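Student: Here it is, the structure, as structure tokens.
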Amino acid sequence: MAYLGEDIKKLGFGLMRLPKTGEAIDIEQTKKMVDMFLEAGFTYFDTAWAYPGSEDAIRQALVERYPREKFQLATKNAAWINCKTREEAVNQFETSLNQTGAGYFDFYLLHNLGESRTKYFDDFDMWSFVQEQKAKGLIKHVGFSFHSTPEELDEILNAHPEMEFVQLQINYADWDYPAVQSRRCYEVARKHGKPVIIMEPVKGGMLANPPESVQKILKDAEPEMSVASWAIRFAAHLEGIITVLSGMSNVEQMQDNLSYMKDFKGLSAAEEATLKQAQEALAKIPLIPCTTCNYCAKVCPMNIGVSGSFTAMNYYTLYKDLAAAKHQENWLVTGHGKKKAAECIKCGACEKACPQHIKICEELVKVTETLG
């Protein structure tokens, strides 16, 4: 059974982290990367209205330099970012058309559904807006990107069977990680017969530099391959994939990705076994065993972002990247209207509600000490 995007090569160029000179996107290096990518036979480019300067950069580096039928361009609508009216949400589409100069989008996504964000697309009825644009030929394929629980993904796909594909965060570290549940989200999409575009295969660069125990397993197995290559290949090996997006930031990353994806035929049994070992090594690192059930949040009188704080702390434990951990805390705690760990009054209500029996008050003190 052929599926949407089966004929698209399994590496996509994610345009969220383009090379920069100072604050500005380096257009000349981006052009070089675009040329290398197309020359190697790859065709899928992914930008978004919400990525500053990206749509404009890809107009200069790609759209104005190549025939339109030589590539697929995807962009996204984030109705939850500062939109008070439907008109403001709809204007993002017009802005994207103007900034990219693409004429139409091969793939158009409602951006980052899940949690409180889905409501904006419902309230402004962006679901019918994208279908109208599709009918006009301004969009070829409509889908959405998603960061939340498998249960919520199931609900959205039940409500909107007309969506043609889903973009999900999938990587070998998050495959069975309770705070992300990559595997279960992937299984929900497949159950609904939706092909999947994979984002964050290298977890924002984290899996280019995973914990030492993991690096050793991967380097011992294939000394000549980059550690990041394992993450991309893990994702590209899955069934029903349209493409795997890699947010490449320089020519060297592009060269590395092309070197092993150009003739990628899937993982061998030995490579699958190595990745399983890597996942087992990750699982041995002692993390706070929070499953993000958020029962604690229901009883906390201070509205502390407990699960978000723990996800951020686990990030730090795994990757020793303080800036990335603080970014997680900022998004999952403050960004969701919750209070930081330091405001905990140690009443203990959360600990009575926690099915994992976590010493939450103690762990929140450690979060404060580490993340501030």
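Following the order of the structure tokens, chains are lettered A, B, ..., residues in each are numbered from 1, and ligands are numbered from 1.
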Kindly assemble as CSV a list of the segment 185-217 of chain A residues that lie within 12 Å of segment 320-325 of chain A, each paired with its nearest atom pair and their distance in Å to one decimal, using only C-alpha atoms, sorted first by chain and then by ascending residue number.

Tutor:
residue,atom,partner,partner_atom,distance
A:Lys203,CA,A:Ala324,CA,10.7
A:Gly204,CA,A:Ala324,CA,9.1
A:Gly205,CA,A:Ala324,CA,10.1
A:Met206,CA,A:Asp321,CA,8.6
A:Leu207,CA,A:Asp321,CA,11.8
A:Asn209,CA,A:Lys320,CA,10.0
A:Pro210,CA,A:Lys320,CA,9.3
A:Pro211,CA,A:Lys320,CA,8.4
A:Glu212,CA,A:Lys320,CA,10.9

Student: Using backbone DSSP assignments, extract all strand (DSSP E or B) residues from segment 145-320 of chain A; output them as an MDAnalysis selection string.

Tutor: chainID A and resid 145:146 165:169 196:199 241:246 304

Student: Output C-alpha atoms of each residue in that selection to a file, as a tab-separated table (two decimals), in the first residue's frame.

Tutor:
chain	number	residue	atom	x	y	z
A	145	SER	CA	2.65	18.94	14.43
A	146	PHE	CA	2.04	17.74	17.95
A	165	PHE	CA	-0.21	13.37	8.17
A	166	VAL	CA	1.19	14.07	11.63
A	167	GLN	CA	4.56	15.51	12.65
A	168	LEU	CA	5.89	14.00	15.90
A	169	GLN	CA	8.92	14.21	18.16
A	196	VAL	CA	4.52	10.55	10.09
A	197	ILE	CA	7.07	13.32	9.67
A	198	ILE	CA	9.69	13.05	12.38
A	199	MET	CA	11.01	16.10	14.22
A	241	ILE	CA	7.62	7.81	7.53
A	242	ILE	CA	7.40	10.73	5.10
A	243	THR	CA	10.79	12.13	6.13
A	244	VAL	CA	13.06	12.77	9.13
A	245	LEU	CA	13.77	16.45	9.73
A	246	SER	CA	17.26	17.43	10.76
A	304	ILE	CA	3.97	24.43	41.28

Student: List every residue of segment 60-265 of chain A that DSSP, applied to the backbone of this structure, places in helix (DSSP H, G or I), and write the result as a PyMOL selection string.

Tutor: chain A and resi 60-63+68-70+86-100+115-123+126-135+150-159+182-191+206-208+212-221+227-236+251-261

Student: Applying 7 Å and only C-alpha atoms, which residues near Gly143 of chain A remain after dropping the ones on its own chain fewer than 2 positions away? List them as a tab-separated table (two decimals) with all heavy atoms, in the first residue's frame.

Tutor:
chain	number	residue	atom	x	y	z
A	108	TYR	N	1.32	21.84	4.66
A	108	TYR	CA	1.02	22.95	5.56
A	108	TYR	C	0.54	22.36	6.86
A	108	TYR	O	-0.33	21.48	6.88
A	108	TYR	CB	-0.04	23.88	4.96
A	108	TYR	CG	-0.17	25.21	5.70
A	108	TYR	CD1	0.83	26.18	5.59
A	108	TYR	CD2	-1.27	25.48	6.52
A	108	TYR	CE1	0.73	27.40	6.27
A	108	TYR	CE2	-1.38	26.70	7.19
A	108	TYR	CZ	-0.38	27.65	7.06
A	108	TYR	OH	-0.48	28.84	7.73
A	109	LEU	N	1.13	22.83	7.97
A	109	LEU	CA	0.84	22.23	9.27
A	109	LEU	C	0.22	23.23	10.24
A	109	LEU	O	0.66	24.39	10.30
A	109	LEU	CB	2.13	21.71	9.92
A	109	LEU	CG	2.86	20.57	9.23
A	109	LEU	CD1	3.85	21.11	8.18
A	109	LEU	CD2	3.64	19.73	10.24
A	110	LEU	N	-0.77	22.78	10.98
A	110	LEU	CA	-1.20	23.50	12.16
A	110	LEU	C	-0.13	23.16	13.21
A	110	LEU	O	0.16	21.98	13.44
A	110	LEU	CB	-2.60	23.06	12.58
A	110	LEU	CG	-3.66	23.29	11.49
A	110	LEU	CD1	-5.04	22.83	11.95
A	110	LEU	CD2	-3.72	24.74	11.02
A	141	HIS	N	-1.01	19.39	0.83
A	141	HIS	CA	-1.31	18.41	1.88
A	141	HIS	C	-1.37	19.10	3.24
A	141	HIS	O	-0.53	19.92	3.55
A	141	HIS	CB	-0.25	17.30	1.92
A	141	HIS	CG	-0.13	16.57	0.62
A	141	HIS	ND1	-1.12	15.72	0.15
A	141	HIS	CD2	0.83	16.59	-0.33
A	141	HIS	CE1	-0.76	15.24	-1.03
A	141	HIS	NE2	0.42	15.75	-1.34
A	163	MET	N	-7.17	15.14	8.32
A	163	MET	CA	-5.74	15.47	8.38
A	163	MET	C	-4.95	14.34	7.71
A	163	MET	O	-5.19	13.17	7.98
A	163	MET	CB	-5.28	15.65	9.82
A	163	MET	CG	-5.86	16.89	10.50
A	163	MET	SD	-5.08	18.42	9.91
A	163	MET	CE	-6.45	19.17	9.04
A	164	GLU	N	-4.00	14.73	6.84
A	164	GLU	CA	-3.34	13.71	6.01
A	164	GLU	C	-2.06	13.14	6.61
A	164	GLU	O	-1.59	12.09	6.19
A	164	GLU	CB	-3.00	14.32	4.64
A	164	GLU	CG	-4.22	14.74	3.84
A	164	GLU	CD	-3.82	15.53	2.61
A	164	GLU	OE1	-3.38	14.91	1.62
A	164	GLU	OE2	-3.94	16.78	2.64
A	165	PHE	N	-1.47	13.85	7.57
A	165	PHE	CA	-0.21	13.37	8.17
A	165	PHE	C	-0.03	14.05	9.52
A	165	PHE	O	-0.70	15.03	9.84
A	165	PHE	CB	0.98	13.68	7.25
A	165	PHE	CG	1.24	15.15	7.08
A	165	PHE	CD1	2.15	15.84	7.88
A	165	PHE	CD2	0.53	15.89	6.12
A	165	PHE	CE1	2.36	17.21	7.73
A	165	PHE	CE2	0.73	17.26	5.96
A	165	PHE	CZ	1.65	17.92	6.77
A	166	VAL	N	0.89	13.51	10.31
A	166	VAL	CA	1.19	14.07	11.63
A	166	VAL	C	2.71	14.22	11.76
A	166	VAL	O	3.46	13.36	11.30
A	166	VAL	CB	0.69	13.13	12.76
A	166	VAL	CG1	0.90	13.77	14.12
A	166	VAL	CG2	-0.77	12.80	12.59

Student: What is the distance between atom CA of Ala78 of chain A and atom CA of Gly335 of chain A, in Å to one decimal?

Tutor: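 For atom CA of Ala78 of chain A relative to atom CA of Gly335 of chain A, the distance reads 15.5 Å.
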
Student: If we count only C-alpha atoms and set the cut-off at 10 Å, which residues sit around Leu18 of chain A, ignoring sequence neighbours fewer than 3 positions away in its own chain? Please answer as a CSV table (one decimal) with N, CA, C and O atoms, in the first residue's frame.

Tutor:
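Final output, out-v7.csv:
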chain,number,residue,atom,x,y,z
A,13,PHE,N,15.3,18.8,5.4
A,13,PHE,CA,16.1,19.9,5.9
A,13,PHE,C,15.2,20.8,6.8
A,13,PHE,O,14.3,21.5,6.3
A,14,GLY,N,15.4,20.7,8.1
A,14,GLY,CA,14.7,21.5,9.0
A,14,GLY,C,15.3,22.9,9.1
A,14,GLY,O,16.5,23.0,9.3
A,15,LEU,N,14.5,23.9,8.9
A,15,LEU,CA,15.1,25.3,8.8
A,15,LEU,C,14.9,26.1,10.0
A,15,LEU,O,14.9,27.4,10.0
A,24,ALA,N,22.2,37.6,12.4
A,24,ALA,CA,21.5,37.3,11.1
A,24,ALA,C,21.8,35.9,10.5
A,24,ALA,O,22.9,35.4,10.7
A,25,ILE,N,20.8,35.4,9.8
A,25,ILE,CA,21.0,34.1,9.1
A,25,ILE,C,22.0,34.3,8.0
A,25,ILE,O,22.0,35.2,7.3
A,26,ASP,N,22.9,33.4,8.0
A,26,ASP,CA,24.0,33.4,6.9
A,26,ASP,C,23.4,32.8,5.6
A,26,ASP,O,23.4,31.6,5.4
A,27,ILE,N,23.0,33.7,4.7
A,27,ILE,CA,22.3,33.3,3.5
A,27,ILE,C,23.3,32.5,2.6
A,27,ILE,O,22.9,31.5,2.0
A,29,GLN,N,25.9,30.6,3.3
A,29,GLN,CA,26.1,29.3,3.8
A,29,GLN,C,24.8,28.4,3.6
A,29,GLN,O,24.9,27.3,3.3
A,30,THR,N,23.7,29.1,3.8
A,30,THR,CA,22.4,28.4,3.6
A,30,THR,C,22.3,28.0,2.2
A,30,THR,O,21.8,26.8,1.9
A,33,MET,N,24.3,24.9,1.6
A,33,MET,CA,23.7,23.7,2.2
A,33,MET,C,22.5,23.2,1.3
A,33,MET,O,22.3,22.0,1.1
A,51,TYR,N,9.5,30.7,13.0
A,51,TYR,CA,11.0,30.7,13.0
A,51,TYR,C,11.5,32.0,12.5
A,51,TYR,O,11.5,32.2,11.2
A,53,GLY,N,13.0,34.8,10.6
A,53,GLY,CA,13.9,35.0,9.4
A,53,GLY,C,14.0,33.8,8.5
A,53,GLY,O,14.6,33.8,7.4
A,54,SER,N,13.4,32.6,8.9
A,54,SER,CA,13.6,31.4,8.2
A,54,SER,C,12.9,31.4,6.9
A,54,SER,O,13.5,30.9,5.8
A,57,ALA,N,14.7,33.6,4.5
A,57,ALA,CA,16.0,33.0,4.1
A,57,ALA,C,15.8,31.9,3.0
A,57,ALA,O,16.6,31.8,2.1
A,58,ILE,N,14.7,31.1,3.2
A,58,ILE,CA,14.6,30.0,2.2
A,58,ILE,C,14.1,30.5,0.9
A,58,ILE,O,14.3,29.9,-0.1
A,247,GLY,N,17.5,19.6,11.8
A,247,GLY,CA,17.8,21.0,11.8
A,247,GLY,C,19.2,21.4,11.7
A,247,GLY,O,19.9,21.6,12.7
A,248,MET,N,19.7,21.4,10.5
A,248,MET,CA,21.2,21.5,10.3
A,248,MET,C,21.6,23.0,10.3
A,248,MET,O,20.9,23.8,9.8
A,249,SER,N,22.7,23.2,11.0
A,249,SER,CA,23.2,24.5,11.3
A,249,SER,C,24.5,24.9,10.6
A,249,SER,O,24.9,26.1,10.7
A,250,ASN,N,25.1,24.0,9.9
A,250,ASN,CA,26.3,24.3,9.1
A,250,ASN,C,26.6,23.3,8.1
A,250,ASN,O,26.0,22.2,8.0

Student: Write out as a compact mmCIF listing (two decimals) with all heavy atoms, in the first residue's frame the residues lying within 10 Å of Pro161 of chain A, counting only C-alpha atoms and excluding same-chain residues fewer than 5 positions away.

Tutor:
# COMPACT_ATOMS: atom_id res chain seq x y z
N ILE A 156 -7.66 14.10 18.77
CA ILE A 156 -7.59 15.04 17.63
C ILE A 156 -7.81 14.30 16.31
O ILE A 156 -8.53 14.76 15.43
CB ILE A 156 -6.24 15.80 17.62
CG1 ILE A 156 -6.15 16.73 18.83
CG2 ILE A 156 -6.09 16.63 16.33
CD1 ILE A 156 -4.78 17.39 19.02
N HIS A 192 -4.33 5.25 13.05
CA HIS A 192 -5.24 6.07 12.25
C HIS A 192 -4.84 6.11 10.77
O HIS A 192 -5.44 6.84 9.99
CB HIS A 192 -5.29 7.50 12.80
CG HIS A 192 -6.10 7.64 14.06
ND1 HIS A 192 -7.45 7.92 14.06
CD2 HIS A 192 -5.76 7.51 15.37
CE1 HIS A 192 -7.90 7.97 15.31
NE2 HIS A 192 -6.89 7.73 16.13
N GLY A 193 -3.82 5.35 10.42
CA GLY A 193 -3.37 5.30 9.03
C GLY A 193 -2.69 6.57 8.54
O GLY A 193 -2.67 6.85 7.34
N LYS A 194 -2.13 7.36 9.47
CA LYS A 194 -1.48 8.62 9.08
C LYS A 194 0.03 8.44 8.97
O LYS A 194 0.66 7.96 9.92
CB LYS A 194 -1.75 9.74 10.10
CG LYS A 194 -3.22 9.97 10.42
CD LYS A 194 -4.01 10.41 9.22
CE LYS A 194 -5.50 10.57 9.58
NZ LYS A 194 -6.35 10.69 8.39

Student: Pick the closest to Glu239 of chain A from A:Lys10, A:Arg68, A:Lys326, A:Lys359: which is it, counting only C-alpha atoms?

Tutor: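 Checking each candidate against Glu239 of chain A, we get A:Lys10 as the closest.
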
Student: So which one's closest to Leu238 of chain A, A:Glu362, A:Glu132, A:Glu23, A:Glu187? Using only C-alpha atoms, please.

Tutor: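 Nearest candidate to Leu238 of chain A out of A:Glu362, A:Glu132, A:Glu23, A:Glu187: A:Glu187.
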
Student: Hey, what's within 9 Å of Ala353 of chain A if we count only C-alpha atoms and toss same-chain stuff fewer than 3 positions away? As a list of chain:residue names, please?

Tutor: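 Once the nearby chain positions are removed, what remains is A:Tyr295, A:Cys296, A:Lys298, A:Val299, A:Ala349, A:Cys350, A:His357.
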
Student: As a short mmCIF file (atom, residue, chain, number, x, y, z; two decimals) with all heavy atoms, in the first residue's frame, please: the residues near Gly114 of chain A (cut-off 6 Å, only C-alpha atoms, same-chain neighbours under 2 positions excluded).

Tutor:
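Output saved as around.cif:
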data_model
loop_
_atom_site.label_atom_id
_atom_site.label_comp_id
_atom_site.auth_asym_id
_atom_site.auth_seq_id
_atom_site.Cartn_x
_atom_site.Cartn_y
_atom_site.Cartn_z
N ARG A 117 -3.08 24.58 23.53
CA ARG A 117 -2.87 25.23 22.23
C ARG A 117 -3.91 24.81 21.18
O ARG A 117 -4.23 25.58 20.30
CB ARG A 117 -1.45 24.92 21.73
CG ARG A 117 -0.37 25.40 22.71
CD ARG A 117 1.02 25.01 22.25
NE ARG A 117 1.24 23.58 22.18
CZ ARG A 117 1.57 22.80 23.21
NH1 ARG A 117 1.71 23.32 24.41
NH2 ARG A 117 1.77 21.51 23.05
N THR A 118 -4.43 23.59 21.31
CA THR A 118 -5.38 23.08 20.31
C THR A 118 -6.62 23.97 20.21
O THR A 118 -7.16 24.18 19.12
CB THR A 118 -5.81 21.64 20.67
OG1 THR A 118 -4.62 20.86 20.88
CG2 THR A 118 -6.63 21.01 19.56
N HIS A 147 2.86 18.05 20.22
CA HIS A 147 3.68 17.74 21.40
C HIS A 147 2.73 17.54 22.58
O HIS A 147 2.37 18.50 23.24
CB HIS A 147 4.60 18.90 21.76
CG HIS A 147 5.76 19.10 20.84
ND1 HIS A 147 6.92 18.36 20.94
CD2 HIS A 147 5.97 19.96 19.83
CE1 HIS A 147 7.79 18.76 20.02
NE2 HIS A 147 7.23 19.74 19.33
N SER A 148 2.30 16.34 22.83
CA SER A 148 1.48 16.08 24.01
C SER A 148 1.30 14.58 24.16
O SER A 148 2.13 13.81 23.70
CB SER A 148 0.14 16.82 23.94
OG SER A 148 -0.50 16.76 25.21
#

Student: Here is a test: counting only C-alpha atoms, which residue of A:Asp46, A:Glu94, A:Glu200, A:Glu351 is nearest to Ala297 of chain A?

Tutor: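 Smallest separation from Ala297 of chain A among the options: A:Glu351.
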
Student: Counting only C-alpha atoms, which residue out of A:Trp230, A:Phe264, A:Tyr104, A:Tyr177 sits closest to Leu218 of chain A?

Tutor: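 Of all the options, A:Trp230 lies closest to Leu218 of chain A.
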